[in-house]
Amino acid sequence: MLIVGTDETAVEADLIGGRIGCPDCEVGLRPWGHGVEREVRLLGHIERRRLRRSMCRSCATTHVLLPEDTLLRRRDGAEVIGTALRERAEGKSHRRIASDLGRAPSTVQGWLQAFAARAVALREHFVRWAHALDPGFDRRSVGGSDFFDAVDAIGVLGIVAVRRFGPRPVWSLASFLTGGRLLYNTSWHFHPPL
Ligand SMILES: [Zn+2]
C-alpha cells in the first residue's frame with residue numbers, strides 16, 4: 001500500500017511513466033489492474049472508487065495506491081475523521097460529533113479511541129515533521145491532554161507545511177505523512193522531507 005495524491009489523472013501519468021517508486025526498492029511501479037469498487041464517504045458526499053493497483057518493475061511486489069484524502073481500512077475520508085478528532089479536542093461529545101457528521105456514534109467512537117491510543121506517538125511524529133519542514137519553528141503546546149496535543153500538533157504542521165507544499169487539506173497531509181495509518185495500530189518510519 002502506498003499513499004498517492006488525489007489527482008487521478010496525474011497519478012496515472014506518474015504510474016505509467018514509472019515515477020512512483022516501489023517502497024521496498026525504489027524502482028518505478030507499473031499499472032497492475034484495479035481493486036473492487038467501494039464507497040468512500042467524504043464530507044458532504046459519497047464517491048465510488050476503485051483503488052489502482054500497481055506492481056514493482058523490479059521486485060514484482062504489488063502495491064495498492066491509496067489517495068491521501070482517505071485512510072487505510074476506513075470507509076470515511078480523512079477530512080471527515082479529522083473533523084471528528086478536532087471537534088473532540090475542542091470538547092464535543094462523540095455522540096454530538098456523530099450526529100453533526102451523520103455517522104453512527106460507535107463509528108466515531110472507534111476513530112477517537114484509535115487516535116487516543118496512539119496520541120503521544122502521533123504528537124511526536126507531527127512535531128518532528130513540523131521542525132523538519134521549518135527548523136526555526138517553535139511552538140509549545142499548551143493543551144491539557146495527550147489527545148488535544150496530538151490534534152494541535154497536526155494543526156501546527158498544517159500551518160508549517162503550507163509554506164513547503166502549498167495549500168493542501170491538513171488531514172490529507174496527516175494521512176500522507178503516516179502512510180494512511182493515522183488510526184492504525186502500527187509503527188511508521190519518520191522520513192524527513194527531501
Ligand atoms: Zn520493488
# chains A, B, ... in the order shown; residues from 1 in each chain; ligands from 1

call {"tool": "closest_atom_pairs", "arguments": {"of": "chain A", "to": "ligand 1", "cutoff": "10 Å", "atoms": "only C-alpha atoms and all ligand atoms", "output": "CSV"}}
result
residue,atom,partner,partner_atom_place_in_ligand_line,distance
A:Gly21,CA,ligand 1,1 (Zn),7.8
A:Cys22,CA,ligand 1,1 (Zn),4.6
A:Pro23,CA,ligand 1,1 (Zn),6.7
A:Asp24,CA,ligand 1,1 (Zn),5.0
A:Cys25,CA,ligand 1,1 (Zn),4.3
A:Glu26,CA,ligand 1,1 (Zn),6.1
A:Val27,CA,ligand 1,1 (Zn),5.7
A:Gly28,CA,ligand 1,1 (Zn),7.7
A:Leu29,CA,ligand 1,1 (Zn),7.5
A:Met55,CA,ligand 1,1 (Zn),7.8
A:Cys56,CA,ligand 1,1 (Zn),4.6
A:Arg57,CA,ligand 1,1 (Zn),6.7
A:Ser58,CA,ligand 1,1 (Zn),5.2
A:Cys59,CA,ligand 1,1 (Zn),4.1
A:Ala60,CA,ligand 1,1 (Zn),6.1
A:Thr61,CA,ligand 1,1 (Zn),5.8
A:Thr62,CA,ligand 1,1 (Zn),8.4
A:His63,CA,ligand 1,1 (Zn),9.4

call {"tool": "select_by_dssp", "arguments": {"residues": "region 24-145 of chain A", "states": "helix (DSSP H, G or I)", "output": "ChimeraX atom specification"}}
result
/A:78-89,94-101,105-117,119-133

call {"tool": "closest_residue", "arguments": {"among": "A:Glu90, A:Asp7, A:Glu79, A:Asp100", "to": "Gly144 (chain A)", "atoms": "only C-alpha atoms"}}
result
A:Glu90

call {"tool": "atom_distance", "arguments": {"atom1": "CA of Ala161 (chain A)", "atom2": "CA of Ile46 (chain A)"}}
result
27.8 Å

call {"tool": "select_by_dssp", "arguments": {"residues": "chain A", "states": "strand (DSSP E)", "output": "PyMOL selection string"}}
result
chain A and resi 2-4+29-41+46-56+62-67

call {"tool": "write_last_selection", "arguments": {"atoms": "C-alpha atoms", "output": "CSV table (one decimal), in the first residue's frame"}}
result
chain,number,residue,atom,x,y,z
A,2,LEU,CA,1.2,3.4,-1.0
A,3,ILE,CA,-0.3,6.8,-0.4
A,4,VAL,CA,-0.7,9.0,-3.6
A,29,LEU,CA,5.9,0.9,-10.3
A,30,ARG,CA,3.8,-0.1,-13.2
A,31,PRO,CA,0.0,-0.4,-13.5
A,32,TRP,CA,-1.5,-3.7,-12.3
A,33,GLY,CA,-5.3,-3.5,-12.6
A,34,HIS,CA,-7.7,-2.2,-10.1
A,35,GLY,CA,-9.3,-3.3,-6.8
A,36,VAL,CA,-13.0,-3.8,-6.3
A,37,GLU,CA,-15.2,-0.7,-6.4
A,38,ARG,CA,-16.1,0.6,-2.9
A,39,GLU,CA,-17.9,3.5,-1.3
A,40,VAL,CA,-15.8,6.4,0.2
A,41,ARG,CA,-17.8,8.7,2.4
A,46,ILE,CA,-20.2,9.8,-1.3
A,47,GLU,CA,-17.9,8.6,-4.0
A,48,ARG,CA,-17.5,5.2,-5.5
A,49,ARG,CA,-13.8,4.4,-6.2
A,50,ARG,CA,-11.8,1.5,-7.4
A,51,LEU,CA,-8.3,1.7,-6.0
A,52,ARG,CA,-5.4,1.5,-8.5
A,53,ARG,CA,-3.1,-1.5,-8.1
A,54,SER,CA,0.5,-1.4,-9.2
A,55,MET,CA,3.4,-3.8,-9.4
A,56,CYS,CA,7.1,-3.1,-9.0
A,62,THR,CA,2.1,-5.4,-5.8
A,63,HIS,CA,1.1,-2.2,-4.1
A,64,VAL,CA,-2.4,-0.7,-3.8
A,65,LEU,CA,-2.3,3.1,-4.4
A,66,LEU,CA,-4.4,4.8,-1.8
A,67,PRO,CA,-5.4,8.5,-2.4

call {"tool": "closest_residue", "arguments": {"among": "A:Leu112, A:Leu183, A:Ala130, A:Ala98", "to": "Val162 (chain A)", "atoms": "only C-alpha atoms"}}
result
A:Ala130

call {"tool": "residues_around", "arguments": {"residues": "region 145-154 of chain A", "least_positions_apart": "4", "cutoff": "9 Å", "atoms": "only C-alpha atoms", "output": "PyMOL selection string"}}
result
chain A and resi 82+85-86+88-90+112+115-127+130+141+158-159+170-171+173-174

call {"tool": "atom_distance", "arguments": {"atom1": "CA of Leu43 (chain A)", "atom2": "CA of Ile20 (chain A)"}}
result
28.1 Å

call {"tool": "residues_around", "arguments": {"residues": "Gly44 (chain A)", "least_positions_apart": "5", "cutoff": "12 Å", "atoms": "only C-alpha atoms", "output": "PDB file with N, CA and C atoms, in the first residue's frame"}}
result
ATOM      1  N   ASP A  76     -14.572   6.185   5.708  1.00  0.00           N
ATOM      2  CA  ASP A  76     -14.761   7.639   5.711  1.00  0.00           C
ATOM      3  C   ASP A  76     -13.462   8.350   5.361  1.00  0.00           C
ATOM      4  N   GLY A  77     -13.608   9.492   4.684  1.00  0.00           N
ATOM      5  CA  GLY A  77     -12.455  10.257   4.241  1.00  0.00           C
ATOM      6  C   GLY A  77     -11.663  10.851   5.396  1.00  0.00           C
ATOM      7  N   GLU A  79     -10.745  13.917   5.884  1.00  0.00           N
ATOM      8  CA  GLU A  79     -11.284  15.178   6.407  1.00  0.00           C
ATOM      9  C   GLU A  79     -12.478  14.927   7.339  1.00  0.00           C
ATOM     10  N   VAL A  80     -13.253  13.881   7.063  1.00  0.00           N
ATOM     11  CA  VAL A  80     -14.385  13.535   7.934  1.00  0.00           C
ATOM     12  C   VAL A  80     -13.856  13.102   9.299  1.00  0.00           C
ATOM     13  N   ASP A 100     -23.707  15.421  14.186  1.00  0.00           N
ATOM     14  CA  ASP A 100     -23.375  16.517  13.261  1.00  0.00           C
ATOM     15  C   ASP A 100     -22.828  15.992  11.930  1.00  0.00           C
ATOM     16  N   LEU A 101     -22.072  14.899  11.997  1.00  0.00           N
ATOM     17  CA  LEU A 101     -21.464  14.357  10.776  1.00  0.00           C
ATOM     18  C   LEU A 101     -22.374  13.349  10.068  1.00  0.00           C
ATOM     19  N   GLY A 102     -23.452  12.952  10.738  1.00  0.00           N
ATOM     20  CA  GLY A 102     -24.340  11.955  10.151  1.00  0.00           C
ATOM     21  C   GLY A 102     -23.724  10.568  10.123  1.00  0.00           C
ATOM     22  N   ARG A 103     -22.968  10.242  11.171  1.00  0.00           N
ATOM     23  CA  ARG A 103     -22.344   8.927  11.268  1.00  0.00           C
ATOM     24  C   ARG A 103     -22.840   8.235  12.544  1.00  0.00           C
TER      25      ARG A 103
END

call {"tool": "closest_residue", "arguments": {"among": "A:Tyr184, A:Phe137, A:Trp111, A:Phe176", "to": "Arg163 (chain A)", "atoms": "only C-alpha atoms"}}
result
A:Phe137

call {"tool": "residues_around", "arguments": {"residues": "Gln109 (chain A)", "least_positions_apart": "4", "cutoff": "9 Å", "atoms": "only C-alpha atoms", "output": "number ranges by chain"}}
result
A: 94-95, 98, 104-105, 113-114

call {"tool": "atom_distance", "arguments": {"atom1": "CA of Glu8 (chain A)", "atom2": "CA of Leu42 (chain A)"}}
result
16.3 Å

call {"tool": "closest_residue", "arguments": {"among": "A:Thr9, A:His45, A:Asn185, A:Ile97", "to": "Thr83 (chain A)", "atoms": "only C-alpha atoms"}}
result
A:Ile97

call {"tool": "decode", "arguments": {"residues": "region 13-36 of chain A", "atoms": "N, CA and C atoms", "output": "PDB file, in the first residue's frame"}}
result
ATOM      1  N   ALA A  13      -0.582   9.148 -14.860  1.00  0.00           N
ATOM      2  CA  ALA A  13       0.559   9.538 -15.709  1.00  0.00           C
ATOM      3  C   ALA A  13       1.882   9.182 -15.024  1.00  0.00           C
ATOM      4  N   ASP A  14       1.958   9.434 -13.723  1.00  0.00           N
ATOM      5  CA  ASP A  14       3.181   9.107 -12.977  1.00  0.00           C
ATOM      6  C   ASP A  14       3.407   7.594 -12.935  1.00  0.00           C
ATOM      7  N   LEU A  15       2.314   6.848 -12.800  1.00  0.00           N
ATOM      8  CA  LEU A  15       2.413   5.387 -12.719  1.00  0.00           C
ATOM      9  C   LEU A  15       2.924   4.820 -14.046  1.00  0.00           C
ATOM     10  N   ILE A  16       2.304   5.255 -15.125  1.00  0.00           N
ATOM     11  CA  ILE A  16       2.715   4.779 -16.452  1.00  0.00           C
ATOM     12  C   ILE A  16       4.160   5.208 -16.748  1.00  0.00           C
ATOM     13  N   GLY A  17       4.511   6.409 -16.289  1.00  0.00           N
ATOM     14  CA  GLY A  17       5.857   6.921 -16.530  1.00  0.00           C
ATOM     15  C   GLY A  17       6.919   6.354 -15.594  1.00  0.00           C
ATOM     16  N   GLY A  18       6.505   5.475 -14.671  1.00  0.00           N
ATOM     17  CA  GLY A  18       7.466   4.858 -13.742  1.00  0.00           C
ATOM     18  C   GLY A  18       8.001   5.824 -12.703  1.00  0.00           C
ATOM     19  N   ARG A  19       7.228   6.891 -12.439  1.00  0.00           N
ATOM     20  CA  ARG A  19       7.711   7.916 -11.498  1.00  0.00           C
ATOM     21  C   ARG A  19       7.210   7.706 -10.070  1.00  0.00           C
ATOM     22  N   ILE A  20       6.435   6.645  -9.827  1.00  0.00           N
ATOM     23  CA  ILE A  20       6.043   6.318  -8.452  1.00  0.00           C
ATOM     24  C   ILE A  20       6.925   5.152  -8.021  1.00  0.00           C
ATOM     25  N   GLY A  21       7.747   5.408  -7.005  1.00  0.00           N
ATOM     26  CA  GLY A  21       8.748   4.417  -6.610  1.00  0.00           C
ATOM     27  C   GLY A  21       8.196   3.329  -5.711  1.00  0.00           C
ATOM     28  N   CYS A  22       8.701   2.117  -5.894  1.00  0.00           N
ATOM     29  CA  CYS A  22       8.373   0.992  -5.010  1.00  0.00           C
ATOM     30  C   CYS A  22       8.892   1.309  -3.604  1.00  0.00           C
ATOM     31  N   PRO A  23       8.053   1.152  -2.553  1.00  0.00           N
ATOM     32  CA  PRO A  23       8.508   1.459  -1.194  1.00  0.00           C
ATOM     33  C   PRO A  23       9.635   0.531  -0.739  1.00  0.00           C
ATOM     34  N   ASP A  24       9.742  -0.632  -1.370  1.00  0.00           N
ATOM     35  CA  ASP A  24      10.756  -1.604  -0.941  1.00  0.00           C
ATOM     36  C   ASP A  24      12.096  -1.377  -1.628  1.00  0.00           C
ATOM     37  N   CYS A  25      12.081  -1.087  -2.942  1.00  0.00           N
ATOM     38  CA  CYS A  25      13.362  -0.996  -3.652  1.00  0.00           C
ATOM     39  C   CYS A  25      13.505   0.276  -4.481  1.00  0.00           C
ATOM     40  N   GLU A  26      12.468   1.129  -4.450  1.00  0.00           N
ATOM     41  CA  GLU A  26      12.509   2.457  -5.075  1.00  0.00           C
ATOM     42  C   GLU A  26      12.504   2.448  -6.609  1.00  0.00           C
ATOM     43  N   VAL A  27      12.437   1.276  -7.208  1.00  0.00           N
ATOM     44  CA  VAL A  27      12.283   1.201  -8.668  1.00  0.00           C
ATOM     45  C   VAL A  27      10.836   1.580  -9.003  1.00  0.00           C
ATOM     46  N   GLY A  28      10.623   2.170 -10.201  1.00  0.00           N
ATOM     47  CA  GLY A  28       9.288   2.624 -10.567  1.00  0.00           C
ATOM     48  C   GLY A  28       8.254   1.503 -10.633  1.00  0.00           C
ATOM     49  N   LEU A  29       7.052   1.797 -10.179  1.00  0.00           N
ATOM     50  CA  LEU A  29       5.944   0.850 -10.253  1.00  0.00           C
ATOM     51  C   LEU A  29       5.297   0.925 -11.633  1.00  0.00           C
ATOM     52  N   ARG A  30       4.534  -0.106 -11.994  1.00  0.00           N
ATOM     53  CA  ARG A  30       3.757  -0.064 -13.229  1.00  0.00           C
ATOM     54  C   ARG A  30       2.315  -0.456 -12.923  1.00  0.00           C
ATOM     55  N   PRO A  31       1.369  -0.079 -13.803  1.00  0.00           N
ATOM     56  CA  PRO A  31      -0.037  -0.406 -13.545  1.00  0.00           C
ATOM     57  C   PRO A  31      -0.253  -1.912 -13.422  1.00  0.00           C
ATOM     58  N   TRP A  32      -1.159  -2.282 -12.552  1.00  0.00           N
ATOM     59  CA  TRP A  32      -1.464  -3.701 -12.340  1.00  0.00           C
ATOM     60  C   TRP A  32      -2.941  -3.854 -11.945  1.00  0.00           C
ATOM     61  N   GLY A  33      -3.815  -3.352 -12.808  1.00  0.00           N
ATOM     62  CA  GLY A  33      -5.257  -3.516 -12.591  1.00  0.00           C
ATOM     63  C   GLY A  33      -5.839  -2.610 -11.519  1.00  0.00           C
ATOM     64  N   HIS A  34      -7.039  -2.953 -11.081  1.00  0.00           N
ATOM     65  CA  HIS A  34      -7.743  -2.161 -10.074  1.00  0.00           C
ATOM     66  C   HIS A  34      -8.325  -3.085  -9.014  1.00  0.00           C
ATOM     67  N   GLY A  35      -8.577  -2.527  -7.832  1.00  0.00           N
ATOM     68  CA  GLY A  35      -9.286  -3.266  -6.795  1.00  0.00           C
ATOM     69  C   GLY A  35     -10.785  -3.211  -7.062  1.00  0.00           C
ATOM     70  N   VAL A  36     -11.574  -3.804  -6.180  1.00  0.00           N
ATOM     71  CA  VAL A  36     -13.035  -3.762  -6.331  1.00  0.00           C
ATOM     72  C   VAL A  36     -13.544  -2.360  -5.997  1.00  0.00           C
TER      73      VAL A  36
END
